[in-house]
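Visitor: Data file query.txt (compact mmCIF, C-alpha atoms) is appended below.
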# COMPACT_ATOMS: atom_id res chain seq x y z
CA MET A 38 -44.89 -17.96 82.98
CA ARG A 39 -46.59 -14.58 83.48
CA ILE A 40 -48.45 -15.89 86.51
CA LEU A 41 -45.18 -17.11 88.05
CA ILE A 42 -43.53 -13.75 87.44
CA ALA A 43 -46.48 -11.87 88.90
CA ALA A 44 -46.57 -14.17 91.93
CA ALA A 45 -42.88 -13.56 92.51
CA SER A 46 -43.49 -9.84 92.28
CA LEU A 47 -46.26 -10.02 94.86
CA PHE A 48 -43.98 -12.05 97.15
CA LEU A 49 -41.24 -9.43 96.83
CA PHE A 50 -43.73 -6.63 97.49
CA SER A 51 -45.02 -8.42 100.62
CA ALA A 52 -41.47 -9.03 101.83
CA ALA A 53 -40.67 -5.34 101.35
CA MET A 54 -43.73 -4.36 103.37
CA LEU A 55 -42.72 -6.81 106.15
CA LEU A 56 -39.22 -5.35 106.19
CA THR A 57 -40.73 -1.87 106.40
CA SER A 58 -42.77 -2.90 109.45
CA PHE A 59 -39.61 -4.05 111.24
CA ILE A 60 -37.90 -0.77 110.33
CA ALA A 61 -40.87 1.19 111.68
CA ALA A 62 -40.39 -0.50 115.06
CA ASP A 63 -36.88 0.98 115.31
CA PRO A 64 -37.00 4.33 117.20
CA ASN A 65 -34.30 5.63 114.84
CA PRO A 66 -35.00 3.87 111.52
CA PRO A 67 -32.60 4.41 108.62
CA GLU A 68 -33.64 6.81 105.86
CA ARG A 69 -34.15 4.35 103.01
CA ILE A 70 -35.74 6.96 100.71
CA THR A 71 -33.91 10.25 100.23
CA VAL A 72 -35.26 13.44 98.66
CA ILE A 73 -32.42 15.90 98.05
CA ALA A 74 -33.12 19.37 96.67
CA ASN A 75 -30.58 21.31 94.60
CA GLU A 76 -32.38 24.48 93.54
CA GLN A 77 -29.31 25.95 91.85
CA ALA A 78 -29.28 22.93 89.53
CA ARG A 79 -33.10 23.13 89.18
CA ARG A 80 -33.68 19.59 90.45
CA VAL A 81 -34.65 17.35 93.35
CA ASP A 82 -33.13 13.85 93.35
CA ILE A 83 -34.96 10.85 94.80
CA SER A 84 -33.09 7.66 95.71
CA ILE A 85 -34.30 4.42 97.27
CA ASP A 86 -32.00 2.05 99.13
CA GLY A 87 -29.02 3.99 97.82
CA GLN A 88 -30.07 3.75 94.16
CA PRO A 89 -31.41 6.63 92.05
CA PHE A 90 -35.12 6.39 91.24
CA THR A 91 -36.12 9.69 89.64
CA SER A 92 -35.64 13.47 89.75
CA TYR A 93 -38.07 16.36 89.80
CA ILE A 94 -36.57 18.85 87.33
CA TRP A 95 -37.53 22.22 85.85
CA PRO A 96 -34.90 22.95 83.18
CA ALA A 97 -35.14 26.14 81.15
CA THR A 98 -35.48 24.00 77.99
CA LEU A 99 -38.87 22.60 79.05
CA LYS A 100 -42.22 24.37 79.42
CA LYS A 101 -43.21 22.49 82.58
CA PRO A 102 -41.59 20.62 85.50
CA VAL A 103 -41.29 16.86 85.01
CA LEU A 104 -40.11 13.71 86.73
CA TYR A 105 -37.19 12.41 84.69
CA PRO A 106 -36.00 9.75 84.27
CA LEU A 107 -38.03 6.99 85.95
CA ARG A 108 -36.31 3.70 86.82
CA THR A 109 -37.25 0.23 87.96
CA ALA A 110 -35.98 -1.21 91.25
CA LYS A 111 -33.12 -2.73 89.25
CA GLY A 112 -32.16 0.66 87.84
CA THR A 113 -33.53 0.17 84.33
CA ILE A 114 -34.71 3.46 82.80
CA VAL A 115 -38.29 3.25 81.47
CA THR A 116 -38.73 6.83 80.16
CA ARG A 117 -37.61 8.08 76.74
CA GLY A 118 -34.48 10.24 76.66
CA PHE A 119 -35.50 12.77 73.97
CA PRO A 120 -35.67 15.76 74.14
CA LEU A 121 -33.42 15.91 77.21
CA GLU A 122 -30.96 13.17 76.23
CA GLN A 123 -30.53 11.61 72.80
CA ARG A 124 -30.39 7.79 72.85
CA PRO A 125 -29.68 5.56 69.83
CA GLY A 126 -32.78 4.03 68.25
CA GLU A 127 -35.33 6.22 70.05
CA ARG A 128 -37.94 8.35 68.36
CA VAL A 129 -37.44 12.11 68.17
CA ASP A 130 -41.07 13.16 67.61
CA HIS A 131 -43.22 15.27 69.98
CA PRO A 132 -40.48 17.26 71.79
CA HIS A 133 -43.03 18.23 74.46
CA HIS A 134 -43.16 14.56 75.63
CA ALA A 135 -40.51 14.52 78.37
CA GLY A 136 -40.49 12.18 81.35
CA LEU A 137 -43.68 12.24 83.43
CA TRP A 138 -45.71 15.45 83.31
CA PHE A 139 -49.11 16.99 84.11
CA ASN A 140 -50.77 19.58 81.85
CA TYR A 141 -53.62 20.08 79.38
CA GLU A 142 -54.29 21.13 75.80
CA SER A 143 -57.02 23.72 76.38
CA VAL A 144 -57.15 25.93 79.48
CA ASN A 145 -59.14 29.05 78.59
CA ASP A 146 -58.16 28.14 75.02
CA ILE A 147 -54.44 28.21 75.90
CA ASP A 148 -52.45 25.07 74.98
CA PHE A 149 -50.20 23.88 77.81
CA TRP A 150 -49.63 20.38 76.40
CA ASN A 151 -47.98 21.03 73.02
CA ASN A 152 -45.66 23.86 74.02
CA SER A 153 -41.92 23.43 73.42
CA ASP A 154 -38.95 25.27 71.94
CA ALA A 155 -39.80 23.60 68.63
CA ILE A 156 -43.04 25.50 67.98
CA LYS A 157 -43.22 28.15 65.28
CA PRO A 158 -42.88 31.73 66.59
CA GLU A 159 -46.31 32.68 65.28
CA ASN A 160 -47.88 29.95 67.46
CA ALA A 161 -46.20 31.06 70.70
CA PRO A 162 -49.05 33.37 71.85
CA LYS A 163 -51.42 30.37 71.84
CA MET A 164 -49.20 28.42 74.21
CA GLY A 165 -48.95 28.32 78.00
CA ALA A 166 -46.17 27.25 80.33
CA ILE A 167 -46.08 25.82 83.84
CA VAL A 168 -43.46 27.66 85.87
CA HIS A 169 -41.97 26.09 89.00
CA ARG A 170 -42.18 28.59 91.86
CA SER A 171 -41.01 26.91 95.05
CA ILE A 172 -40.18 23.76 96.96
CA VAL A 173 -42.51 23.77 99.95
CA SER A 174 -40.92 20.74 101.58
CA ALA A 175 -38.63 17.83 100.71
CA LYS A 176 -38.09 14.99 103.13
CA GLY A 177 -37.01 11.38 103.10
CA GLY A 178 -37.82 8.54 105.44
CA SER A 179 -37.71 4.85 106.17
CA GLN A 180 -41.04 4.13 104.46
CA GLN A 181 -41.61 6.97 102.00
CA GLY A 182 -40.19 10.17 100.59
CA GLU A 183 -42.25 13.32 100.12
CA LEU A 184 -41.89 16.39 97.93
CA ASP A 185 -44.29 19.35 97.93
CA VAL A 186 -43.92 21.97 95.19
CA GLU A 187 -45.80 24.98 93.87
CA SER A 188 -46.11 26.16 90.28
CA ASP A 189 -48.03 28.70 88.18
CA TRP A 190 -49.84 28.00 84.89
CA ILE A 191 -49.12 31.14 82.86
CA THR A 192 -50.04 32.48 79.43
CA PHE A 193 -47.64 33.81 76.81
CA ASP A 194 -48.13 37.33 78.21
CA LYS A 195 -47.34 36.10 81.78
CA LYS A 196 -50.89 36.04 83.11
CA VAL A 197 -51.41 33.38 85.81
CA LEU A 198 -54.45 31.21 85.06
CA LEU A 199 -53.92 28.57 87.76
CA GLN A 200 -51.86 28.07 90.88
CA GLU A 201 -50.71 24.49 91.35
CA HIS A 202 -49.72 22.65 94.52
CA THR A 203 -48.40 19.14 93.96
CA ARG A 204 -47.43 16.54 96.53
CA PHE A 205 -45.30 13.64 95.35
CA VAL A 206 -45.03 10.55 97.54
CA PHE A 207 -42.33 8.01 96.68
CA HIS A 208 -42.27 4.36 97.72
CA GLY A 209 -40.03 1.44 96.80
CA GLY A 210 -38.73 -1.96 97.75
CA PRO A 211 -37.46 -5.15 96.09
CA GLY A 212 -39.14 -5.39 92.70
CA PHE A 213 -41.16 -2.16 92.69
CA ARG A 214 -41.11 1.62 92.68
CA SER A 215 -44.06 4.02 92.87
CA VAL A 216 -44.95 7.70 92.70
CA ASP A 217 -48.19 9.23 93.96
CA ARG A 218 -48.92 12.57 92.34
CA ILE A 219 -51.57 14.59 94.20
CA THR A 220 -52.14 17.86 92.32
CA THR A 221 -54.45 20.70 93.36
CA LEU A 222 -55.23 23.43 90.85
CA ARG A 223 -56.74 26.72 92.05
CA ALA A 224 -58.29 29.40 89.87
CA LEU A 225 -57.61 33.07 90.57
CA ASP A 226 -60.04 35.89 89.74
CA GLU A 227 -61.77 34.41 86.70
CA ASN A 228 -63.40 31.21 85.48
CA VAL A 229 -60.96 28.64 84.12
CA ASP A 230 -62.44 26.35 81.46
CA PHE A 231 -60.95 23.03 80.39
CA LYS A 232 -62.50 22.38 76.98
CA ASP A 233 -62.81 18.69 76.09
CA GLU A 234 -59.66 17.91 74.08
CA LYS A 235 -57.50 14.89 73.31
CA ASP A 236 -54.15 15.89 74.82
CA GLY A 237 -54.04 15.64 78.61
CA LEU A 238 -53.70 15.25 81.54
CA LEU A 239 -51.11 13.02 83.21
CA GLY A 240 -48.58 11.97 80.58
CA LEU A 241 -45.59 9.64 80.36
CA ARG A 242 -43.32 8.90 77.38
CA VAL A 243 -41.61 5.50 77.53
CA VAL A 244 -38.49 3.85 76.16
CA ARG A 245 -38.57 2.27 72.71
CA ALA A 246 -38.77 -1.31 74.07
CA LEU A 247 -42.15 -0.60 75.70
CA GLU A 248 -43.74 0.74 72.52
CA ILE A 249 -46.12 -1.46 70.54
CA PRO A 250 -44.36 -2.76 67.39
CA SER A 251 -45.32 -0.47 64.49
CA ASP A 252 -45.98 -1.62 60.93
CA LYS A 253 -46.51 1.78 59.27
CA PRO A 254 -45.89 5.51 59.77
CA GLU A 255 -48.60 7.48 61.60
CA VAL A 256 -49.63 11.14 61.50
CA TYR A 257 -51.17 12.72 64.64
CA THR A 258 -52.85 16.13 64.59
CA ASP A 259 -53.46 18.40 67.60
CA ALA A 260 -56.45 20.70 68.18
CA SER A 261 -54.77 23.53 66.23
CA GLY A 262 -54.34 21.33 63.17
CA HIS A 263 -50.59 20.82 63.57
CA ALA A 264 -49.60 17.39 62.28
CA THR A 265 -46.71 15.29 63.60
CA THR A 266 -45.49 12.24 61.69
CA VAL A 267 -44.38 9.24 63.75
CA VAL A 268 -42.17 7.13 61.48
CA LYS A 269 -42.01 3.35 61.29
CA LEU A 270 -38.80 2.11 62.93
CA ASP A 271 -36.95 -1.19 63.33
CA ASN A 272 -39.02 -3.26 65.76
CA THR A 273 -36.14 -5.28 67.20
CA GLY A 274 -36.69 -5.58 70.97
CA VAL A 275 -39.97 -3.65 70.81
CA ASN A 276 -42.65 -5.62 72.66
CA GLY A 277 -44.87 -3.38 74.77
CA THR A 278 -48.60 -3.90 75.18
CA TYR A 279 -51.40 -2.16 77.07
CA LEU A 280 -54.04 -3.80 79.24
CA THR A 281 -56.84 -1.86 80.94
CA SER A 282 -59.02 -2.75 83.92
CA GLU A 283 -61.83 -3.35 81.41
CA GLY A 284 -59.79 -5.87 79.41
CA LYS A 285 -58.86 -3.65 76.45
CA LYS A 286 -55.50 -4.72 75.01
CA GLY A 287 -52.81 -3.17 72.83
CA ASP A 288 -53.90 -0.38 70.52
CA ALA A 289 -57.54 -1.07 71.48
CA ALA A 290 -56.87 0.55 74.89
CA TRP A 291 -56.72 4.01 73.31
CA GLY A 292 -59.84 6.12 73.82
CA THR A 293 -61.43 3.72 76.33
CA ARG A 294 -62.15 4.17 80.03
CA GLY A 295 -60.77 2.24 82.97
CA ARG A 296 -59.73 2.39 86.62
CA TRP A 297 -56.17 1.47 85.68
CA CYS A 298 -54.00 0.67 82.70
CA ASN A 299 -50.85 -1.45 82.44
CA LEU A 300 -48.04 -1.10 79.92
CA SER A 301 -45.95 -4.28 80.02
CA GLY A 302 -42.96 -5.71 78.18
CA LEU A 303 -39.31 -6.69 78.37
CA VAL A 304 -36.73 -3.91 78.62
CA GLY A 305 -33.59 -5.80 77.79
CA ASP A 306 -33.88 -8.94 79.90
CA GLU A 307 -36.06 -7.34 82.58
CA PRO A 308 -39.84 -7.84 82.61
CA VAL A 309 -41.44 -4.47 83.38
CA THR A 310 -44.95 -3.16 83.94
CA ILE A 311 -45.79 0.52 84.27
CA THR A 312 -49.24 1.01 85.78
CA ILE A 313 -51.21 4.25 86.03
CA LEU A 314 -53.94 4.08 88.68
CA ASP A 315 -56.88 6.49 88.59
CA HIS A 316 -58.74 7.48 91.77
CA PRO A 317 -62.55 7.48 92.19
CA ALA A 318 -62.45 10.99 93.67
CA ASN A 319 -60.94 12.43 90.47
CA PRO A 320 -63.11 14.45 88.06
CA GLY A 321 -64.14 12.38 85.06
CA PHE A 322 -63.48 9.03 86.76
CA PRO A 323 -62.87 6.51 85.29
CA THR A 324 -60.38 8.24 83.04
CA TYR A 325 -60.02 7.80 79.30
CA TRP A 326 -56.66 6.33 78.25
CA HIS A 327 -54.73 8.40 75.73
CA ALA A 328 -52.41 5.42 75.28
CA ARG A 329 -50.59 5.38 71.95
CA GLY A 330 -48.53 2.55 70.52
CA TYR A 331 -45.58 4.86 69.85
CA GLY A 332 -44.95 5.27 73.60
CA LEU A 333 -47.26 8.02 74.85
CA PHE A 334 -49.02 6.70 77.97
CA ALA A 335 -51.50 9.24 79.33
CA ALA A 336 -54.65 9.46 81.45
CA ASN A 337 -57.12 12.09 80.25
CA PRO A 338 -60.36 12.36 82.24
CA LEU A 339 -61.22 15.76 80.71
CA GLY A 340 -61.43 14.89 77.00
CA GLN A 341 -64.70 12.99 77.08
CA LYS A 342 -66.28 14.53 73.97
CA ILE A 343 -63.26 13.59 71.87
CA PHE A 344 -62.89 10.00 73.04
CA SER A 345 -66.63 9.24 73.06
CA GLU A 346 -67.11 10.80 69.60
CA GLY A 347 -69.57 13.28 71.04
CA LYS A 348 -71.67 10.85 73.07
CA GLN A 349 -70.39 12.33 76.34
CA GLU A 350 -69.15 15.80 77.23
CA LEU A 351 -67.58 17.17 80.40
CA ASN A 352 -66.35 20.75 79.75
CA PHE A 353 -64.83 20.90 83.20
CA SER A 354 -64.63 24.41 84.70
CA LEU A 355 -63.37 26.12 87.83
CA ALA A 356 -65.17 29.16 89.23
CA PRO A 357 -63.04 32.06 90.52
CA HIS A 358 -60.97 30.96 93.53
CA ALA A 359 -62.30 27.38 93.29
CA SER A 360 -59.93 24.41 93.30
CA VAL A 361 -59.82 20.80 92.16
CA THR A 362 -57.54 17.89 93.14
CA PHE A 363 -56.33 15.03 90.94
CA ARG A 364 -54.83 11.88 92.48
CA TYR A 365 -52.74 9.34 90.53
CA ARG A 366 -50.29 6.56 91.32
CA ILE A 367 -47.62 5.42 88.87
CA LEU A 368 -46.42 1.94 89.82
CA ILE A 369 -43.35 0.35 88.20
CA THR A 370 -42.89 -3.38 88.84
CA SER A 371 -40.14 -5.73 87.68
CA ALA A 372 -42.74 -8.23 86.45
CA ILE A 373 -45.45 -8.71 83.86
CA ALA A 374 -48.36 -7.75 86.09
CA THR A 375 -51.61 -9.70 86.04
CA PRO A 376 -55.07 -8.14 86.25
CA GLU A 377 -55.40 -9.66 89.73
CA SER A 378 -52.19 -8.15 91.08
CA THR A 379 -53.02 -4.79 89.50
CA GLU A 380 -56.51 -4.78 90.97
CA ALA A 381 -54.98 -5.39 94.41
CA ALA A 382 -52.60 -2.46 93.86
CA TYR A 383 -55.55 -0.32 92.79
CA LYS A 384 -57.43 -1.07 96.00
CA ASP A 385 -54.35 -0.16 98.05
CA PHE A 386 -54.14 3.18 96.26
CA VAL A 387 -57.82 3.98 96.72
CA ALA A 388 -57.55 3.18 100.43
CA ALA A 389 -54.59 5.56 100.81
CA TYR A 390 -56.55 8.67 99.74
CA ARG A 391 -60.16 9.15 100.81
Will you turn the file into structure tokens for me?

Guide:
Amino acid sequence: MRILIAAASLFLFSAAMLLTSFIAADPNPPERITVIANEQARRVDISIDGQPFTSYIWPATLKKPVLYPLRTAKGTIVTRGFPLEQRPGERVDHPHHAGLWFNYESVNDIDFWNNSDAIKPENAPKMGAIVHRSIVSAKGGSQQGELDVESDWITFDKKVLLQEHTRFVFHGGPGFRSVDRITTLRALDENVDFKDEKDGLLGLRVVRALEIPSDKPEVYTDASGHATTVVKLDNTGVNGTYLTSEGKKGDAAWGTRGRWCNLSGLVGDEPVTITILDHPANPGFPTYWHARGYGLFAANPLGQKIFSEGKQELNFSLAPHASVTFRYRILITSAIATPESTEAAYKDFVAAYR
């Protein structure tokens, strides 16, 4: 059954690409993908074929810009609502897990990952925030939409550690949606050190249905020793599972390396796979998967000492005025993807960015 679903997905993807080629031949093709900025509302809305896909938002209640929510081609939301929107039956742990984000736990010993309005006041000086500065460009098109933005990574006392330029590229057609996130970080007048830690780098928090069914409460502790309890909930409709390029499945995917990782399951009646694709040009490739059963799906290439239990160590660093670029694709298909179809998608992504 999974093979049939995956084959149908590949057929739909091929048909969408064929349709795109016909559109490209039109001297005035329709704008299938729209990217509409509303800076007063602190958001940019992306739609595909007249249907909302996602929004780039920087609300005052969050400590970084995020993409929220993310939807399938059928409109099904695949990201958790909390802390932005409360939904019945969802977890309310880790208030810093919102939508799709990019940050890290230790940047010159400042924690950008765990920051939120829920932290204790005495911990605030240890935390950093990513502040949206400007929309460089926002444009739609017949084949893709593009959004370029700039942000600053700042300390509690407003010192800028990093300047960020991110380019989002949006694609979609029958049965699939995708986001490419190409992020360049540039140091200013001092070294910027990324100590090997667990929490990073590209993160996504998913709906309850795509979690792995839990049989007990769990307690997770960050680098500062702060513990968060993730309670056991009713598992009705919960059926997610991970699969990496190296064949690691379910909870066994956590702390292992791979070129890509799938999170698949039924959301309602719709089969869904969220895939994160790593790029060979990224530091720390292939990434470690910080993929938790409770719905945190993250790629962390910088935490090698933690995930390898000390066998490997990266301690990535930027010299003054140096820069680094990270390239990821998040692919959302209305199918239970096979390793073969995912490997083909991976090769397409690698070919797109040399």

Visitor: Using only C-alpha atoms, find the one residue out of A:Lys196, A:His134, A:Arg214, A:Lys348 that sits nearest to Ser371 (chain A).

Guide: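 Of A:Lys196, A:His134, A:Arg214, A:Lys348, the one nearest Ser371 (chain A) is A:Arg214, counting only C-alpha atoms.
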
Visitor: Taking only residues of region 182-280 of chain A that have an atom at most 12 Å from an atom of region 318-322 of chain A, what is each one's shortest atom pair and its distance in Å to one decimal, using all atoms listed in the file, in chain and number order, as a tab-separated table?

Guide:
residue	atom	partner	partner_atom	distance
A:Ile219	CA	A:Asn319	CA	10.3
A:Thr220	CA	A:Asn319	CA	10.5
A:Thr221	CA	A:Asn319	CA	10.9
A:Phe231	CA	A:Pro320	CA	11.7
A:Asp233	CA	A:Gly321	CA	11.0
A:Leu238	CA	A:Gly321	CA	11.4

Visitor: Which of these, A:Pro67, A:Pro338, A:Gly274, A:Gly332, has the shortest distance to Ser179 (chain A) once you count only C-alpha atoms?

Guide: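 Nearest candidate to Ser179 (chain A) out of A:Pro67, A:Pro338, A:Gly274, A:Gly332: A:Pro67.
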
Visitor: Write out as a list of chain:residue names which residues come within 10 Å of Leu225 (chain A) when counting only C-alpha atoms, dropping same-chain ones fewer than 4 positions away.

Guide: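 Close residues of Leu225 (chain A): A:Val197, A:Leu198, A:Leu199, A:Gln200, A:Val229, A:Leu355, A:Ala356, A:Pro357, A:His358, A:Ala359, A:Ser360.
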
Visitor: Which residue out of A:Trp326, A:Phe363, A:Phe149, A:Phe119 has the minimum interatomic distance to Arg218 (chain A) when only C-alpha atoms are used?

Guide: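 Selected residue with least distance to Arg218 (chain A): A:Phe363.
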
Visitor: Quick one: of A:Thr324, A:Asn160, A:Leu239, A:Asp194, who's nearest to His263 (chain A), counting all atoms listed in the file?

Guide: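 Nearest candidate to His263 (chain A) out of A:Thr324, A:Asn160, A:Leu239, A:Asp194: A:Asn160.
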
Visitor: Interatomic distance between CA of Ile313 (chain A) and CA of Asn145 (chain A)?

Guide: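 If I compute the distance from CA of Ile313 (chain A) to CA of Asn145 (chain A), I get 27.1 Å.
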
Visitor: Where does region 207-300 of chain A meet region 122-132 of chain A within 9 Å, residue by residue, with the nearest atom pair and distance in Å to one decimal for each, counting only C-alpha atoms, listed by chain and rising number, as JSON lines?

Guide:
{"residue": "A:Val244", "atom": "CA", "partner": "A:Glu127", "partner_atom": "CA", "distance": 7.3}
{"residue": "A:Arg245", "atom": "CA", "partner": "A:Glu127", "partner_atom": "CA", "distance": 5.8}
{"residue": "A:Thr265", "atom": "CA", "partner": "A:Asp130", "partner_atom": "CA", "distance": 7.2}
{"residue": "A:Thr266", "atom": "CA", "partner": "A:Asp130", "partner_atom": "CA", "distance": 7.4}
{"residue": "A:Val267", "atom": "CA", "partner": "A:Asp130", "partner_atom": "CA", "distance": 6.4}
{"residue": "A:Val268", "atom": "CA", "partner": "A:Arg128", "partner_atom": "CA", "distance": 8.2}
{"residue": "A:Leu270", "atom": "CA", "partner": "A:Gly126", "partner_atom": "CA", "distance": 8.3}
{"residue": "A:Asp271", "atom": "CA", "partner": "A:Gly126", "partner_atom": "CA", "distance": 8.3}

Visitor: Which distance in Å separates CA of Leu107 (chain A) and CA of Val243 (chain A), to one decimal?

Guide: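 Going from CA of Leu107 (chain A) over to CA of Val243 (chain A) covers 9.3 Å.
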
Visitor: Just checking: using all atoms listed in the file, which residue out of A:Ala374, A:Val304, A:Val361, A:Ala78 ends up closest to Phe213 (chain A)?

Guide: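 Ranked by minimum distance to Phe213 (chain A), first place goes to A:Ala374.
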
Visitor: Here is a test: counting all atoms listed in the file, which residue of A:Val115, A:Leu280, A:Ile249, A:Val387 is nearest to Val309 (chain A)?

Guide: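 Of the candidates, the smallest distance to Val309 (chain A) is held by A:Val115.
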
Visitor: Can you measure CA of Pro66 (chain A) to CA of Glu187 (chain A) for me? One decimal in Å is fine.

Guide: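 These two atoms are separated by 29.6 Å.
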